[in-house]
Amino acid sequence: MTVAAQLQITVRDTRHSTVLESTIRRKLASLEKLQPRITAFHVTLEALNHHHRKGGQFCVKLHVKVPGAEILITRDHDRDIYIALRDACQAARRQLIEHAERGQGSDGAVRSRCQRVTNAGVPELE
C-alpha cells in the first residue's frame with residue numbers, strides 16, 4: 001500500500017485548491033522515494049488571523065509516521081503557504097534521514113538514495 005492511500009489533508013481558514021493539493025502530493029512522492037516505509041502522512045494547512053501575534057500568517061503542520069517513529073513538523077510563513085509547505089517538507093526530509101541513520105529506518109538505504117546534500121542540509125534525489 002502506498003502512502004498516497006494514507007494521505008490526509010486538512011485545510012483551516014483558507015481555500016483548498018487543486019494546485020496546492022497537487023504540490024502536496026508531489027512533495028509526498030519525493031519523501032516516499034526517500035523513505036518507502038512511511039505509513040501515514042497528515043498535512044494541516046492553516047491561515048492564521050492573529051494580526052497582533054508575531055509569527056507567520058500561514059502555518060503548515062506535517063505528521064509523518066514511519067515504523068518506530070512519528071515525525072511532527074510545524075512551519076510558519078508570513079506571506080506564502082507554499083514556502084511554509086516547502087520548509088516543512090525539507091525539515092521532514094532531514095528528520096527521515098536522521099531516523100534512518102540511527103538504525104531505526106530502512107537500514108541506511110535512505111542515505112544511499114540521495115545523490116548529494118546541499119549547503120542547507122537538504123538531500124537531492126537522484
# chains A, B, ... in the order shown; residues from 1 in each chain; ligands from 1

call {"tool": "residues_around", "arguments": {"residues": "A:Leu48", "least_positions_apart": "2", "cutoff": "7 Å", "atoms": "only C-alpha atoms", "output": "PyMOL selection string"}}
result
chain A and resi 46+50+57-59

call {"tool": "select_by_dssp", "arguments": {"residues": "stretch 19-71 of chain A", "states": "strand (DSSP E)", "output": "mmCIF file with C-alpha atoms, in the first residue's frame"}}
result
data_model
loop_
_atom_site.group_PDB
_atom_site.id
_atom_site.type_symbol
_atom_site.label_atom_id
_atom_site.label_comp_id
_atom_site.auth_asym_id
_atom_site.auth_seq_id
_atom_site.Cartn_x
_atom_site.Cartn_y
_atom_site.Cartn_z
ATOM 1 C CA ALA A 40 0.816 7.742 7.096
ATOM 2 C CA PHE A 41 1.114 11.390 6.146
ATOM 3 C CA HIS A 42 -1.158 14.111 7.542
ATOM 4 C CA VAL A 43 -0.852 17.710 6.341
ATOM 5 C CA THR A 44 -2.659 20.583 8.058
ATOM 6 C CA LEU A 45 -2.757 23.943 6.280
ATOM 7 C CA GLU A 46 -3.927 26.998 8.225
ATOM 8 C CA ALA A 47 -4.290 30.691 7.596
ATOM 9 C CA PHE A 58 0.280 30.719 7.174
ATOM 10 C CA CYS A 59 1.032 27.568 9.102
ATOM 11 C CA VAL A 60 1.800 24.095 7.756
ATOM 12 C CA LYS A 61 1.904 21.083 10.063
ATOM 13 C CA LEU A 62 3.174 17.694 8.936
ATOM 14 C CA HIS A 63 2.653 14.452 10.805
ATOM 15 C CA VAL A 64 4.649 11.640 9.228
ATOM 16 C CA LYS A 65 4.520 8.084 10.587
ATOM 17 C CA VAL A 66 7.265 5.559 9.960
ATOM 18 C CA ALA A 69 8.771 6.993 14.987
ATOM 19 C CA GLU A 70 6.339 9.802 14.392
ATOM 20 C CA ILE A 71 7.735 12.991 12.925
#

call {"tool": "residues_around", "arguments": {"residues": "A:Leu20", "least_positions_apart": "2", "cutoff": "12 Å", "atoms": "only C-alpha atoms", "output": "list in words"}}
result
Ile9, Thr10, Val11, Thr14, Arg15, His16, Ser17, Thr18, Ser22, Thr23, Ile24, Arg25, Arg26, Lys27, Val43, Thr44, Leu45, Val60, Asp80, Ile81, Tyr82, Ile83, Ala84, Leu85 and Arg86 of chain A
